[in-house]
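So the structure is just underneath, and the comments pick up after that.
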Amino acid sequence: MPIPLNQLFVADLARTNGYHTGWIGKWHLNGGPKFVQVPEKYHLGFEEFTGYSRGHHYTKSLFYKKGDPTPRTSPRYEPEFQTDQMIDFVDRATAAGQTFMGMM
């Protein structure tokens, strides 16, 4: 079941308070089929979104970058790849002097 969109979400609160927000990984909150791009309205306030809708492949898993409909395949074991993506998010936010909230 998709989450109702008529409420305030934690990423909205963080952004309102000056945080740069990012999500990496599997997403269960839009109620869509497995391994598809999560519609942007279900990113629930996250400015950066690297992930997919439900499921596991562990190796060669699919993922999507926000705003890009092209499915990509992770080159590594899924948890390691997602960790790399989070480290990149943190490094970029830190280099830009941004306060950030990243979630996986």
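Following the order of the structure tokens, first chain is A, next is B, and so on, with residues numbered from 1 inside each chain and ligands from 1 in the order they appear.
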Nearby residues (only C-alpha atoms) at most 12 Å from Pro4 (chain A), same-chain spacing under 4 positions excluded, as a PyMOL selection string: chain A and resi 8-9+29-31+41-42+44
When DSSP is applied to the backbone of this structure, which of chain A are assigned alpha helix (DSSP H)? Write them out as a PyMOL selection string. chain A and resi 10-16+78-95
For those residues, write N, CA, C and O atoms to a file as an mmCIF file, in the first residue's frame.
data_model
loop_
_atom_site.group_PDB
_atom_site.id
_atom_site.type_symbol
_atom_site.label_atom_id
_atom_site.label_comp_id
_atom_site.auth_asym_id
_atom_site.auth_seq_id
_atom_site.Cartn_x
_atom_site.Cartn_y
_atom_site.Cartn_z
ATOM 1 N N VAL A 10 9.811 13.331 7.633
ATOM 2 C CA VAL A 10 11.040 13.704 8.315
ATOM 3 C C VAL A 10 11.996 14.469 7.391
ATOM 4 O O VAL A 10 12.651 15.419 7.824
ATOM 5 N N ALA A 11 12.083 14.095 6.122
ATOM 6 C CA ALA A 11 12.975 14.817 5.207
ATOM 7 C C ALA A 11 12.469 16.247 4.976
ATOM 8 O O ALA A 11 13.276 17.160 4.799
ATOM 9 N N ASP A 12 11.158 16.450 4.978
ATOM 10 C CA ASP A 12 10.607 17.808 4.867
ATOM 11 C C ASP A 12 11.051 18.642 6.063
ATOM 12 O O ASP A 12 11.460 19.799 5.911
ATOM 13 N N LEU A 13 10.954 18.074 7.254
ATOM 14 C CA LEU A 13 11.362 18.786 8.466
ATOM 15 C C LEU A 13 12.856 19.109 8.435
ATOM 16 O O LEU A 13 13.271 20.212 8.801
ATOM 17 N N ALA A 14 13.655 18.149 8.009
ATOM 18 C CA ALA A 14 15.095 18.374 7.938
ATOM 19 C C ALA A 14 15.423 19.485 6.935
ATOM 20 O O ALA A 14 16.213 20.385 7.227
ATOM 21 N N ARG A 15 14.812 19.435 5.763
ATOM 22 C CA ARG A 15 15.066 20.469 4.750
ATOM 23 C C ARG A 15 14.634 21.841 5.247
ATOM 24 O O ARG A 15 15.323 22.832 5.021
ATOM 25 N N THR A 16 13.497 21.918 5.933
ATOM 26 C CA THR A 16 13.013 23.182 6.486
ATOM 27 C C THR A 16 14.027 23.769 7.470
ATOM 28 O O THR A 16 14.128 24.982 7.623
ATOM 29 N N GLU A 78 25.165 -5.536 -3.265
ATOM 30 C CA GLU A 78 24.241 -4.429 -3.012
ATOM 31 C C GLU A 78 24.532 -3.626 -1.738
ATOM 32 O O GLU A 78 24.619 -2.397 -1.800
ATOM 33 N N PRO A 79 24.708 -4.237 -0.563
ATOM 34 C CA PRO A 79 24.988 -3.440 0.636
ATOM 35 C C PRO A 79 26.292 -2.645 0.535
ATOM 36 O O PRO A 79 26.367 -1.515 1.025
ATOM 37 N N GLU A 80 27.301 -3.199 -0.102
ATOM 38 C CA GLU A 80 28.550 -2.464 -0.280
ATOM 39 C C GLU A 80 28.351 -1.279 -1.218
ATOM 40 O O GLU A 80 28.849 -0.177 -0.961
ATOM 41 N N PHE A 81 27.627 -1.508 -2.299
ATOM 42 C CA PHE A 81 27.362 -0.439 -3.257
ATOM 43 C C PHE A 81 26.571 0.689 -2.600
ATOM 44 O O PHE A 81 26.880 1.863 -2.779
ATOM 45 N N GLN A 82 25.545 0.341 -1.820
ATOM 46 C CA GLN A 82 24.745 1.365 -1.157
ATOM 47 C C GLN A 82 25.587 2.144 -0.149
ATOM 48 O O GLN A 82 25.433 3.360 -0.014
ATOM 49 N N THR A 83 26.473 1.455 0.535
ATOM 50 C CA THR A 83 27.369 2.140 1.464
ATOM 51 C C THR A 83 28.267 3.111 0.717
ATOM 52 O O THR A 83 28.474 4.245 1.161
ATOM 53 N N ASP A 84 28.786 2.707 -0.422
ATOM 54 C CA ASP A 84 29.593 3.613 -1.259
ATOM 55 C C ASP A 84 28.796 4.853 -1.653
ATOM 56 O O ASP A 84 29.319 5.974 -1.652
ATOM 57 N N GLN A 85 27.523 4.655 -1.994
ATOM 58 C CA GLN A 85 26.678 5.778 -2.390
ATOM 59 C C GLN A 85 26.460 6.740 -1.214
ATOM 60 O O GLN A 85 26.452 7.957 -1.378
ATOM 61 N N MET A 86 26.298 6.185 -0.008
ATOM 62 C CA MET A 86 26.117 7.030 1.173
ATOM 63 C C MET A 86 27.397 7.793 1.493
ATOM 64 O O MET A 86 27.355 8.980 1.825
ATOM 65 N N ILE A 87 28.526 7.133 1.393
ATOM 66 C CA ILE A 87 29.801 7.812 1.632
ATOM 67 C C ILE A 87 29.971 8.955 0.643
ATOM 68 O O ILE A 87 30.393 10.056 1.023
ATOM 69 N N ASP A 88 29.615 8.732 -0.609
ATOM 70 C CA ASP A 88 29.691 9.797 -1.614
ATOM 71 C C ASP A 88 28.774 10.962 -1.241
ATOM 72 O O ASP A 88 29.163 12.132 -1.334
ATOM 73 N N PHE A 89 27.557 10.665 -0.803
ATOM 74 C CA PHE A 89 26.614 11.705 -0.390
ATOM 75 C C PHE A 89 27.195 12.535 0.763
ATOM 76 O O PHE A 89 27.185 13.763 0.732
ATOM 77 N N VAL A 90 27.726 11.847 1.767
ATOM 78 C CA VAL A 90 28.306 12.521 2.937
ATOM 79 C C VAL A 90 29.522 13.360 2.520
ATOM 80 O O VAL A 90 29.658 14.519 2.936
ATOM 81 N N ASP A 91 30.378 12.802 1.700
ATOM 82 C CA ASP A 91 31.564 13.537 1.240
ATOM 83 C C ASP A 91 31.179 14.803 0.480
ATOM 84 O O ASP A 91 31.755 15.872 0.700
ATOM 85 N N ARG A 92 30.205 14.694 -0.422
ATOM 86 C CA ARG A 92 29.782 15.872 -1.193
ATOM 87 C C ARG A 92 29.150 16.938 -0.310
ATOM 88 O O ARG A 92 29.421 18.128 -0.452
ATOM 89 N N ALA A 93 28.304 16.516 0.617
ATOM 90 C CA ALA A 93 27.657 17.472 1.525
ATOM 91 C C ALA A 93 28.696 18.151 2.417
ATOM 92 O O ALA A 93 28.651 19.368 2.624
ATOM 93 N N THR A 94 29.632 17.372 2.926
ATOM 94 C CA THR A 94 30.682 17.915 3.790
ATOM 95 C C THR A 94 31.558 18.910 3.025
ATOM 96 O O THR A 94 31.849 19.990 3.520
ATOM 97 N N ALA A 95 31.959 18.549 1.813
ATOM 98 C CA ALA A 95 32.799 19.420 0.994
ATOM 99 C C ALA A 95 32.094 20.740 0.682
ATOM 100 O O ALA A 95 32.724 21.782 0.576
#
Sel. of strand (DSSP E) residues, chain A, as a CSV table (one decimal) with C-alpha atoms, in the first residue's frame:
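Full text of states14.csv as output:
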chain,number,residue,atom,x,y,z
A,19,TYR,CA,19.6,20.0,6.1
A,20,HIS,CA,20.5,18.6,2.7
A,21,THR,CA,18.7,15.2,2.5
A,22,GLY,CA,19.4,12.0,0.7
A,23,TRP,CA,18.0,8.5,0.5
A,24,ILE,CA,19.9,5.4,-0.7
A,25,GLY,CA,18.5,1.9,-1.1
A,26,LYS,CA,15.3,0.0,-1.3
A,27,TRP,CA,12.0,1.9,-0.9
A,48,GLU,CA,18.7,13.1,-3.5
A,49,PHE,CA,17.3,9.7,-4.1
A,50,THR,CA,19.3,6.6,-5.3
A,51,GLY,CA,17.2,3.5,-5.1
A,52,TYR,CA,14.4,1.4,-6.4
A,53,SER,CA,11.1,0.0,-5.4
A,62,LEU,CA,18.9,-2.2,-10.3
A,63,PHE,CA,18.8,1.3,-9.0
A,64,TYR,CA,17.7,4.7,-10.3
A,65,LYS,CA,19.0,8.2,-9.6
A,72,ARG,CA,21.4,1.2,-13.7
A,73,THR,CA,23.0,-1.9,-12.3
A,99,THR,CA,24.5,20.1,7.2
A,100,PHE,CA,23.0,16.8,6.0
A,101,MET,CA,20.7,13.9,6.7
A,102,GLY,CA,21.3,10.7,4.8
A,103,MET,CA,19.3,7.6,5.2
May I have the residues within 9 Å of Gly32 (chain A) as JSON, numbers by chain, using only C-alpha atoms and disregarding those fewer than 6 positions away in the same chain? {"A": [1, 2, 38, 53, 54]}
Got time to write the residues from that selection, N, CA, C and O atoms, as a PDB file, in the first residue's frame?
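What landed in out_27.pdb:
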ATOM      1  N   MET A   1       0.847  -1.182   0.000  1.00  0.00           N
ATOM      2  CA  MET A   1       0.000   0.000   0.000  1.00  0.00           C
ATOM      3  C   MET A   1       0.888   1.239   0.000  1.00  0.00           C
ATOM      4  O   MET A   1       1.839   1.309   0.769  1.00  0.00           O
ATOM      5  N   PRO A   2       0.569   2.196  -0.834  1.00  0.00           N
ATOM      6  CA  PRO A   2       1.350   3.445  -0.804  1.00  0.00           C
ATOM      7  C   PRO A   2       1.037   4.269   0.440  1.00  0.00           C
ATOM      8  O   PRO A   2      -0.074   4.251   0.957  1.00  0.00           O
ATOM      9  N   VAL A  38      11.053   4.717  -8.318  1.00  0.00           N
ATOM     10  CA  VAL A  38      10.056   5.258  -7.395  1.00  0.00           C
ATOM     11  C   VAL A  38       9.628   6.622  -7.921  1.00  0.00           C
ATOM     12  O   VAL A  38      10.476   7.487  -8.161  1.00  0.00           O
ATOM     13  N   SER A  53      12.234   0.467  -6.084  1.00  0.00           N
ATOM     14  CA  SER A  53      11.056   0.029  -5.351  1.00  0.00           C
ATOM     15  C   SER A  53      11.136  -1.461  -5.031  1.00  0.00           C
ATOM     16  O   SER A  53      11.095  -2.298  -5.929  1.00  0.00           O
ATOM     17  N   ARG A  54      11.329  -1.770  -3.784  1.00  0.00           N
ATOM     18  CA  ARG A  54      11.255  -3.127  -3.230  1.00  0.00           C
ATOM     19  C   ARG A  54      12.150  -4.154  -3.924  1.00  0.00           C
ATOM     20  O   ARG A  54      12.574  -3.969  -5.024  1.00  0.00           O
TER      21      ARG A  54
END
Identify which of the residues A:Gln7, A:Asn17, A:Gln98, A:Gln37 lies closest to Thr70 (chain A), counting only C-alpha atoms when measuring atom-to-atom distances.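 Among A:Gln7, A:Asn17, A:Gln98, A:Gln37, it is A:Gln37 that comes nearest to Thr70 (chain A).
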I'd like the interatomic distance between CA of Thr59 (chain A) and CA of Tyr77 (chain A), to a tenth of an Å. 4.8 Å
Counting only C-alpha atoms, the option among A:Pro69, A:Gly55, A:Glu47, A:Ser61 closest to Lys34 (chain A):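 Nearest to Lys34 (chain A): A:Gly55.
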Restricting the calculation to only C-alpha atoms: of A:Pro33, A:His28, A:Leu5, A:His57, which residue gets closest to Gly45 (chain A)?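 With only C-alpha atoms as the atom set, the closest residue is A:Leu5.
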Find the distance between CA of Lys60 (chain A) and CA of Ser74 (chain A) and write it in Å to one decimal. 5.1 Å
